[in-house]
>>> print(open('upload_19.cif').read())   # mmCIF, C-alpha atoms and all ligand atoms
data_start
#
loop_
_atom_site.label_atom_id
_atom_site.label_comp_id
_atom_site.auth_asym_id
_atom_site.auth_seq_id
_atom_site.Cartn_x
_atom_site.Cartn_y
_atom_site.Cartn_z
CA MET A 1 0.00 0.00 0.00
CA THR A 2 1.30 3.51 -0.78
CA LEU A 3 2.25 5.62 2.24
CA ARG A 4 -0.37 8.27 2.93
CA LEU A 5 0.57 11.51 4.77
CA ASP A 6 -1.95 14.01 6.13
CA VAL A 7 -0.91 17.29 7.75
CA VAL A 8 -3.26 19.45 9.82
CA THR A 9 -1.96 23.00 10.33
CA ILE A 10 -3.07 26.63 10.53
CA PHE A 11 -0.39 27.44 7.91
CA PRO A 12 -1.01 25.11 4.95
CA ASP A 13 1.24 27.32 2.77
CA TYR A 14 4.21 26.34 4.94
CA LEU A 15 3.88 22.84 3.51
CA ALA A 16 4.22 24.00 -0.12
CA PRO A 17 7.66 22.33 -0.40
CA LEU A 18 5.86 18.97 -0.29
CA GLU A 19 5.00 19.72 -3.96
CA LEU A 20 8.70 19.94 -4.87
CA SER A 21 11.73 17.79 -5.46
CA LEU A 22 11.82 14.24 -4.14
CA ILE A 23 8.43 14.24 -2.42
CA GLY A 24 6.71 16.06 -5.30
CA ARG A 25 7.98 13.50 -7.79
CA ALA A 26 7.07 10.57 -5.52
CA ARG A 27 3.54 11.98 -5.30
CA ARG A 28 3.24 12.33 -9.05
CA GLU A 29 4.53 8.75 -9.47
CA GLY A 30 1.92 7.45 -7.02
CA LEU A 31 4.48 6.31 -4.40
CA LEU A 32 3.13 8.75 -1.79
CA GLU A 33 -0.25 10.34 -1.16
CA VAL A 34 -0.16 13.72 0.63
CA HIS A 35 -3.09 15.81 1.95
CA VAL A 36 -2.62 19.17 3.71
CA HIS A 37 -5.57 20.52 5.73
CA ASP A 38 -6.26 23.97 7.22
CA LEU A 39 -7.30 23.54 10.86
CA ARG A 40 -9.44 26.68 10.56
CA ASP A 41 -11.79 24.79 8.23
CA TRP A 42 -13.06 23.07 11.41
CA THR A 43 -13.80 26.27 13.38
CA ALA A 44 -17.39 27.36 13.91
CA ASP A 45 -17.08 31.11 14.64
CA ARG A 46 -16.81 34.14 12.38
CA HIS A 47 -13.18 34.79 13.35
CA ARG A 48 -12.14 31.16 12.81
CA THR A 49 -10.61 31.11 16.30
CA VAL A 50 -8.20 28.30 17.16
CA ASP A 51 -6.59 29.56 20.39
CA ASP A 52 -7.38 30.95 23.82
CA THR A 53 -5.66 31.95 27.09
CA PRO A 54 -4.20 29.17 29.26
CA TYR A 55 -6.08 27.95 32.34
CA GLY A 56 -3.84 28.52 35.36
CA GLY A 57 -2.35 31.65 33.77
CA GLY A 58 0.99 32.09 32.08
CA ALA A 59 2.32 33.57 28.88
CA GLY A 60 0.99 32.97 25.38
CA MET A 61 -2.01 31.18 23.98
CA VAL A 62 -3.08 27.53 23.86
CA MET A 63 -4.86 25.84 20.93
CA ARG A 64 -8.48 25.02 21.82
CA PRO A 65 -9.54 21.38 21.68
CA GLU A 66 -12.75 21.71 19.61
CA PRO A 67 -11.24 22.48 16.17
CA TRP A 68 -8.64 19.76 16.70
CA GLY A 69 -11.31 17.29 17.77
CA ALA A 70 -13.47 17.98 14.72
CA ALA A 71 -10.47 17.98 12.34
CA LEU A 72 -8.95 14.74 13.60
CA ASP A 73 -12.36 12.99 13.77
CA GLU A 74 -12.83 13.72 10.08
CA VAL A 75 -9.27 13.26 8.82
CA CYS A 76 -8.68 10.03 10.74
CA ARG A 77 -11.82 8.48 9.24
CA SER A 78 -11.10 9.62 5.69
CA ALA A 79 -9.24 6.47 4.57
CA PRO A 80 -11.27 3.40 5.53
CA GLY A 81 -9.09 0.30 5.77
CA ARG A 82 -6.06 2.24 7.01
CA THR A 83 -5.12 2.95 10.63
CA PRO A 84 -3.73 6.44 11.16
CA HIS A 85 -0.55 6.83 13.19
CA LEU A 86 -0.66 10.32 14.71
CA VAL A 87 2.63 12.24 14.83
CA VAL A 88 2.84 15.38 16.96
CA PRO A 89 6.08 17.35 16.48
CA GLY A 90 7.16 19.15 19.64
CA PRO A 91 10.34 20.03 21.53
CA GLY A 92 9.19 17.88 24.47
CA GLY A 93 8.87 14.70 22.40
CA ASP A 94 10.97 11.58 21.97
CA PRO A 95 13.99 12.24 19.75
CA PHE A 96 13.27 11.80 16.03
CA THR A 97 16.14 9.65 14.73
CA GLN A 98 16.93 7.61 11.63
CA ALA A 99 15.48 4.61 13.48
CA THR A 100 12.23 6.58 13.97
CA ALA A 101 12.20 7.42 10.25
CA HIS A 102 12.56 3.71 9.39
CA ARG A 103 9.73 2.81 11.79
CA LEU A 104 7.40 5.48 10.36
CA ALA A 105 8.24 4.49 6.77
CA THR A 106 6.69 1.06 7.42
CA GLN A 107 3.31 2.54 8.44
CA ASP A 108 0.58 2.96 5.85
CA TRP A 109 -0.76 6.30 7.15
CA LEU A 110 0.79 9.17 9.12
CA VAL A 111 -1.31 12.11 10.33
CA PHE A 112 0.84 15.07 11.42
CA VAL A 113 -0.64 17.41 14.02
CA CYS A 114 1.02 20.85 13.87
CA GLY A 115 0.72 22.85 17.08
CA ARG A 116 1.47 26.56 17.32
CA TYR A 117 1.64 29.04 20.21
CA GLU A 118 2.24 27.38 23.59
CA GLY A 119 0.81 24.08 22.37
CA ILE A 120 -2.47 22.17 22.04
CA ASP A 121 -4.91 21.47 24.90
CA GLU A 122 -3.67 18.19 26.44
CA ARG A 123 -7.12 16.56 26.23
CA VAL A 124 -6.71 16.29 22.45
CA PHE A 125 -3.78 13.91 23.00
CA GLU A 126 -5.73 11.96 25.64
CA GLU A 127 -8.71 11.60 23.30
CA PHE A 128 -6.86 10.59 20.13
CA GLY A 129 -4.03 8.75 21.89
CA ALA A 130 -6.72 6.42 23.31
CA ARG A 131 -8.00 5.72 19.79
CA TYR A 132 -4.87 5.57 17.65
CA PRO A 133 -1.11 5.11 17.97
CA LEU A 134 0.32 8.57 18.76
CA SER A 135 3.97 9.68 18.90
CA VAL A 136 5.23 13.05 20.13
CA LEU A 137 8.56 13.60 18.37
CA SER A 138 11.27 16.24 18.69
CA LEU A 139 13.78 17.19 16.00
CA GLY A 140 16.33 18.34 18.55
CA ASP A 141 16.96 20.37 21.68
CA TYR A 142 15.81 23.73 20.34
CA VAL A 143 12.44 25.43 19.97
CA LEU A 144 10.75 26.14 16.63
CA ASN A 145 7.67 28.34 16.28
CA GLY A 146 5.46 25.40 15.38
CA GLY A 147 5.40 21.89 14.00
CA GLU A 148 5.40 22.76 10.29
CA VAL A 149 9.16 22.92 9.70
CA ALA A 150 9.56 19.74 11.74
CA VAL A 151 6.97 18.03 9.51
CA LEU A 152 8.97 18.99 6.42
CA ALA A 153 12.11 17.47 7.94
CA MET A 154 10.35 14.33 9.17
CA THR A 155 8.41 13.69 5.94
CA GLU A 156 11.60 14.03 3.90
CA ALA A 157 13.49 11.62 6.18
CA VAL A 158 10.61 9.13 6.01
CA ALA A 159 9.70 9.47 2.32
CA ARG A 160 13.22 8.78 1.05
CA LEU A 161 13.10 5.39 2.82
CA VAL A 162 9.97 4.34 0.92
CA PRO A 163 11.02 1.88 -1.82
CA GLY A 164 11.26 3.61 -5.20
CA VAL A 165 11.33 7.19 -3.88
CA ILE A 166 15.06 7.81 -4.30
CA GLY A 167 16.69 6.61 -7.49
CA ASN A 168 19.78 5.01 -5.97
CA GLU A 169 18.76 2.74 -3.09
CA ALA A 170 22.38 1.68 -2.48
CA SER A 171 23.22 5.21 -1.33
CA LEU A 172 20.93 4.61 1.68
CA ASP A 173 23.30 1.95 2.99
CA GLU A 174 26.40 4.06 3.46
CA GLU A 175 25.01 7.38 4.61
CA SER A 176 25.36 8.95 8.05
CA HIS A 177 23.31 7.32 10.81
CA THR A 178 23.04 4.05 8.91
CA GLY A 179 25.26 1.55 10.68
CA GLY A 180 25.89 3.94 13.57
CA LEU A 181 28.71 6.07 12.10
CA LEU A 182 28.83 9.37 10.22
CA GLU A 183 29.56 9.32 6.49
CA TYR A 184 33.11 9.42 5.07
CA PRO A 185 34.21 12.53 3.08
CA VAL A 186 33.53 12.41 -0.68
CA TYR A 187 35.42 13.88 -3.67
CA THR A 188 34.87 14.27 -7.42
CA LYS A 189 36.76 15.81 -10.36
CA PRO A 190 39.09 17.65 -10.77
CA PRO A 191 41.86 15.66 -9.02
CA VAL A 192 43.54 18.94 -7.91
CA TRP A 193 41.47 22.03 -7.02
CA ARG A 194 43.13 25.23 -5.71
CA GLY A 195 46.19 23.16 -4.91
CA ARG A 196 44.16 20.65 -2.85
CA GLU A 197 44.53 17.02 -3.90
CA VAL A 198 42.02 14.23 -3.73
CA PRO A 199 43.39 11.58 -1.29
CA PRO A 200 45.54 9.37 -3.59
CA VAL A 201 44.03 6.11 -2.34
CA LEU A 202 40.72 7.07 -4.01
CA LEU A 203 42.49 7.25 -7.40
CA SER A 204 44.31 3.93 -6.85
CA GLY A 205 41.53 1.63 -8.07
CA HIS A 206 42.28 -0.62 -5.09
CA HIS A 207 38.84 -1.41 -3.69
CA GLY A 208 40.06 -3.02 -0.47
CA GLN A 209 42.26 -0.06 0.42
CA ILE A 210 39.51 2.40 -0.49
CA ALA A 211 37.00 0.61 1.78
CA ALA A 212 39.53 0.55 4.65
CA TRP A 213 40.33 4.27 4.19
CA ARG A 214 36.63 5.16 4.17
CA GLN A 215 35.93 3.14 7.32
CA LYS A 216 38.86 4.88 9.09
CA GLN A 217 37.48 8.27 8.03
CA ARG A 218 34.03 7.36 9.36
CA LEU A 219 35.48 6.34 12.73
CA GLU A 220 37.68 9.45 13.02
CA ARG A 221 34.90 11.82 11.96
CA THR A 222 32.41 10.22 14.35
CA ALA A 223 34.93 10.36 17.23
CA ARG A 224 35.55 14.07 16.55
CA ARG A 225 31.98 15.25 15.94
CA ARG A 226 29.75 12.71 17.68
CA PRO A 227 31.59 10.79 20.40
CA ASP A 228 28.17 9.78 21.77
CA LEU A 229 27.46 7.82 18.56
CA LEU A 230 30.91 6.22 18.53
CA GLU A 231 30.34 4.80 22.00
CA GLY A 232 27.12 3.09 20.86
CA TYR A 233 28.80 1.83 17.69
CA LEU A 234 31.76 0.31 19.54
CA ASP A 235 29.42 -1.34 22.07
CA GLY A 236 27.55 -2.90 19.14
CA GLN A 237 30.84 -4.18 17.67
CA GLY A 238 31.93 -5.70 20.99
CA GLY A 239 34.67 -3.03 21.04
CA THR A 240 36.61 -4.58 18.14
CA ALA A 241 36.33 -1.70 15.66
CA ALA A 242 38.73 0.52 17.64
CA ALA A 243 41.51 -1.99 17.09
CA GLU A 244 40.70 -2.18 13.35
CA GLY A 245 40.68 1.61 12.94
N1 LIG A 301 8.07 22.26 17.47
C1 LIG A 301 8.72 23.23 18.14
N2 LIG A 301 9.97 22.87 18.40
C2 LIG A 301 10.13 21.64 17.89
C3 LIG A 301 11.22 20.72 17.84
N3 LIG A 301 12.41 20.99 18.38
N4 LIG A 301 11.02 19.53 17.23
C4 LIG A 301 9.83 19.23 16.70
N5 LIG A 301 8.79 20.06 16.70
C5 LIG A 301 8.94 21.25 17.28
#
>>> encode(input="upload_19.cif", output="structure tokens")
Amino acid sequence: MTLRLDVVTIFPDYLAPLELSLIGRARREGLLEVHVHDLRDWTADRHRTVDDTPYGGGAGMVMRPEPWGAALDEVCRSAPGRTPHLVVPGPGGDPFTQATAHRLATQDWLVFVCGRYEGIDERVFEEFGARYPLSVLSLGDYVLNGGEVAVLAMTEAVARLVPGVIGNEASLDEESHTGGLLEYPVYTKPPVWRGREVPPVLLSGHHGQIAAWRQKQRLERTARRRPDLLEGYLDGQGGTAAAEG
């Protein structure tokens, strides 16, 4: 079954990049189905209000539960035969990692819930979390203005794992965060640029030496930039890779 993505937001225009590039082509080729919805279509008042002041006081505004309830009732029932997996981007969520992307890519339907302001009334998560699988996911330890940019990042990470979406599936195997290490540096023509040479081993044609050089680069780069990842990698290898490197 093709992967279906729905996004509910008060800024549908923010999701325009889903028409472009990799995801746009995958949509046109029928590998992905994408629907973007304006939350305000489920408001009942003249001003199309979606927010209000927080109970208990405090700064900012909170998104009211009624538009979200009506929107998710309708959207989550719009594809009979599929079970929606709700994804709520937020800085307080579980970390979104490559492993998360792989897990989401195996679902048949993701419904992204984009909060703005100080967040969405918690009862929305109680209500829909009781009905459907629901994941709150964070891109990283920083605060964005809302979930829309996070949805663009997450949908791109997920979509490119769907079979057929990227042309060269082999390139998925070697990239950063696959196999626990960062990617090795890459070079192309010319062999000398501004006096800087391509590492000679890459011009040698010796596949064994090239593979060994690349693995050493991955280990060194990961140690320098992401020692936290290296620790996990070496644990997974039983500690043997350090001796190899
Ligand atoms: N919304 C606001 N900040 C976010 C973050 N860091 N990750 C995901 N969604 C967010």
>>> residues_near_ligand(input="upload_19.cif", ligand="ligand LIG 301 (chain A)", cutoff="7 Å", atoms="only C-alpha atoms and all ligand atoms", output="PDB file with C-alpha atoms, in the coordinates of the input")
ATOM      1  CA  PRO A  89       6.080  17.350  16.480  1.00  0.00           C
ATOM      2  CA  GLY A  90       7.160  19.150  19.640  1.00  0.00           C
ATOM      3  CA  PRO A  91      10.340  20.030  21.530  1.00  0.00           C
ATOM      4  CA  LEU A 137       8.560  13.600  18.370  1.00  0.00           C
ATOM      5  CA  SER A 138      11.270  16.240  18.690  1.00  0.00           C
ATOM      6  CA  LEU A 139      13.780  17.190  16.000  1.00  0.00           C
ATOM      7  CA  GLY A 140      16.330  18.340  18.550  1.00  0.00           C
ATOM      8  CA  ASP A 141      16.960  20.370  21.680  1.00  0.00           C
ATOM      9  CA  TYR A 142      15.810  23.730  20.340  1.00  0.00           C
ATOM     10  CA  VAL A 143      12.440  25.430  19.970  1.00  0.00           C
ATOM     11  CA  LEU A 144      10.750  26.140  16.630  1.00  0.00           C
ATOM     12  CA  ASN A 145       7.670  28.340  16.280  1.00  0.00           C
ATOM     13  CA  GLY A 146       5.460  25.400  15.380  1.00  0.00           C
ATOM     14  CA  GLY A 147       5.400  21.890  14.000  1.00  0.00           C
ATOM     15  CA  ALA A 150       9.560  19.740  11.740  1.00  0.00           C
TER      16      ALA A 150
END
>>> atom_distance(input="upload_19.cif", atom1="CA of Ile166 in chain A", atom2="CA of Ala101 in chain A")
14.8 Å
>>> closest_residue(input="upload_19.cif", among="A:Pro95, A:Val8, A:Val124, A:Asp13", to="Pro65 in chain A", atoms="all atoms listed in the file")
A:Val124
>>> closest_residue(input="upload_19.cif", among="A:Val136, A:Met63, A:Leu32, A:Ala223", to="Phe96 in chain A", atoms="only C-alpha atoms")
A:Val136
>>> closest_residue(input="upload_19.cif", among="A:Arg221, A:Arg77, A:His85, A:His35", to="Ala130 in chain A", atoms="only C-alpha atoms")
A:His85
>>> decode(input="upload_19.cif", residues="range 99-116 of chain A", atoms="N, CA and C atoms", output="PDB file, in the first residue's frame")
ATOM      1  N   ALA A  99      16.270   5.812  13.120  1.00  0.00           N
ATOM      2  CA  ALA A  99      15.484   4.613  13.481  1.00  0.00           C
ATOM      3  C   ALA A  99      13.994   4.948  13.498  1.00  0.00           C
ATOM      4  N   THR A 100      13.640   6.155  13.990  1.00  0.00           N
ATOM      5  CA  THR A 100      12.235   6.582  13.972  1.00  0.00           C
ATOM      6  C   THR A 100      11.750   6.682  12.530  1.00  0.00           C
ATOM      7  N   ALA A 101      12.584   7.266  11.670  1.00  0.00           N
ATOM      8  CA  ALA A 101      12.202   7.419  10.252  1.00  0.00           C
ATOM      9  C   ALA A 101      11.918   6.049   9.634  1.00  0.00           C
ATOM     10  N   HIS A 102      12.781   5.065   9.923  1.00  0.00           N
ATOM     11  CA  HIS A 102      12.559   3.708   9.390  1.00  0.00           C
ATOM     12  C   HIS A 102      11.250   3.135   9.910  1.00  0.00           C
ATOM     13  N   ARG A 103      10.972   3.360  11.197  1.00  0.00           N
ATOM     14  CA  ARG A 103       9.730   2.813  11.786  1.00  0.00           C
ATOM     15  C   ARG A 103       8.513   3.471  11.134  1.00  0.00           C
ATOM     16  N   LEU A 104       8.553   4.780  10.952  1.00  0.00           N
ATOM     17  CA  LEU A 104       7.401   5.480  10.363  1.00  0.00           C
ATOM     18  C   LEU A 104       7.214   5.103   8.891  1.00  0.00           C
ATOM     19  N   ALA A 105       8.326   4.825   8.207  1.00  0.00           N
ATOM     20  CA  ALA A 105       8.242   4.490   6.770  1.00  0.00           C
ATOM     21  C   ALA A 105       7.523   3.165   6.536  1.00  0.00           C
ATOM     22  N   THR A 106       7.390   2.344   7.587  1.00  0.00           N
ATOM     23  CA  THR A 106       6.695   1.056   7.416  1.00  0.00           C
ATOM     24  C   THR A 106       5.195   1.179   7.706  1.00  0.00           C
ATOM     25  N   GLN A 107       4.744   2.342   8.176  1.00  0.00           N
ATOM     26  CA  GLN A 107       3.312   2.535   8.439  1.00  0.00           C
ATOM     27  C   GLN A 107       2.591   2.761   7.105  1.00  0.00           C
ATOM     28  N   ASP A 108       1.268   2.627   7.098  1.00  0.00           N
ATOM     29  CA  ASP A 108       0.584   2.959   5.846  1.00  0.00           C
ATOM     30  C   ASP A 108      -0.047   4.345   5.885  1.00  0.00           C
ATOM     31  N   TRP A 109      -0.096   4.985   7.086  1.00  0.00           N
ATOM     32  CA  TRP A 109      -0.760   6.302   7.149  1.00  0.00           C
ATOM     33  C   TRP A 109      -0.224   7.100   8.338  1.00  0.00           C
ATOM     34  N   LEU A 110       0.318   8.263   8.054  1.00  0.00           N
ATOM     35  CA  LEU A 110       0.791   9.166   9.116  1.00  0.00           C
ATOM     36  C   LEU A 110      -0.046  10.441   9.077  1.00  0.00           C
ATOM     37  N   VAL A 111      -0.561  10.859  10.224  1.00  0.00           N
ATOM     38  CA  VAL A 111      -1.311  12.112  10.327  1.00  0.00           C
ATOM     39  C   VAL A 111      -0.512  13.050  11.246  1.00  0.00           C
ATOM     40  N   PHE A 112       0.012  14.120  10.659  1.00  0.00           N
ATOM     41  CA  PHE A 112       0.841  15.066  11.420  1.00  0.00           C
ATOM     42  C   PHE A 112      -0.039  16.171  11.996  1.00  0.00           C
ATOM     43  N   VAL A 113       0.159  16.439  13.267  1.00  0.00           N
ATOM     44  CA  VAL A 113      -0.637  17.407  14.020  1.00  0.00           C
ATOM     45  C   VAL A 113       0.288  18.581  14.369  1.00  0.00           C
ATOM     46  N   CYS A 114       0.097  19.722  13.672  1.00  0.00           N
ATOM     47  CA  CYS A 114       1.017  20.849  13.870  1.00  0.00           C
ATOM     48  C   CYS A 114       0.463  21.837  14.889  1.00  0.00           C
ATOM     49  N   GLY A 115       1.077  21.858  16.058  1.00  0.00           N
ATOM     50  CA  GLY A 115       0.715  22.845  17.078  1.00  0.00           C
ATOM     51  C   GLY A 115       1.444  24.156  16.829  1.00  0.00           C
ATOM     52  N   ARG A 116       0.855  25.220  17.346  1.00  0.00           N
ATOM     53  CA  ARG A 116       1.474  26.562  17.316  1.00  0.00           C
ATOM     54  C   ARG A 116       1.306  27.153  18.708  1.00  0.00           C
TER      55      ARG A 116
END
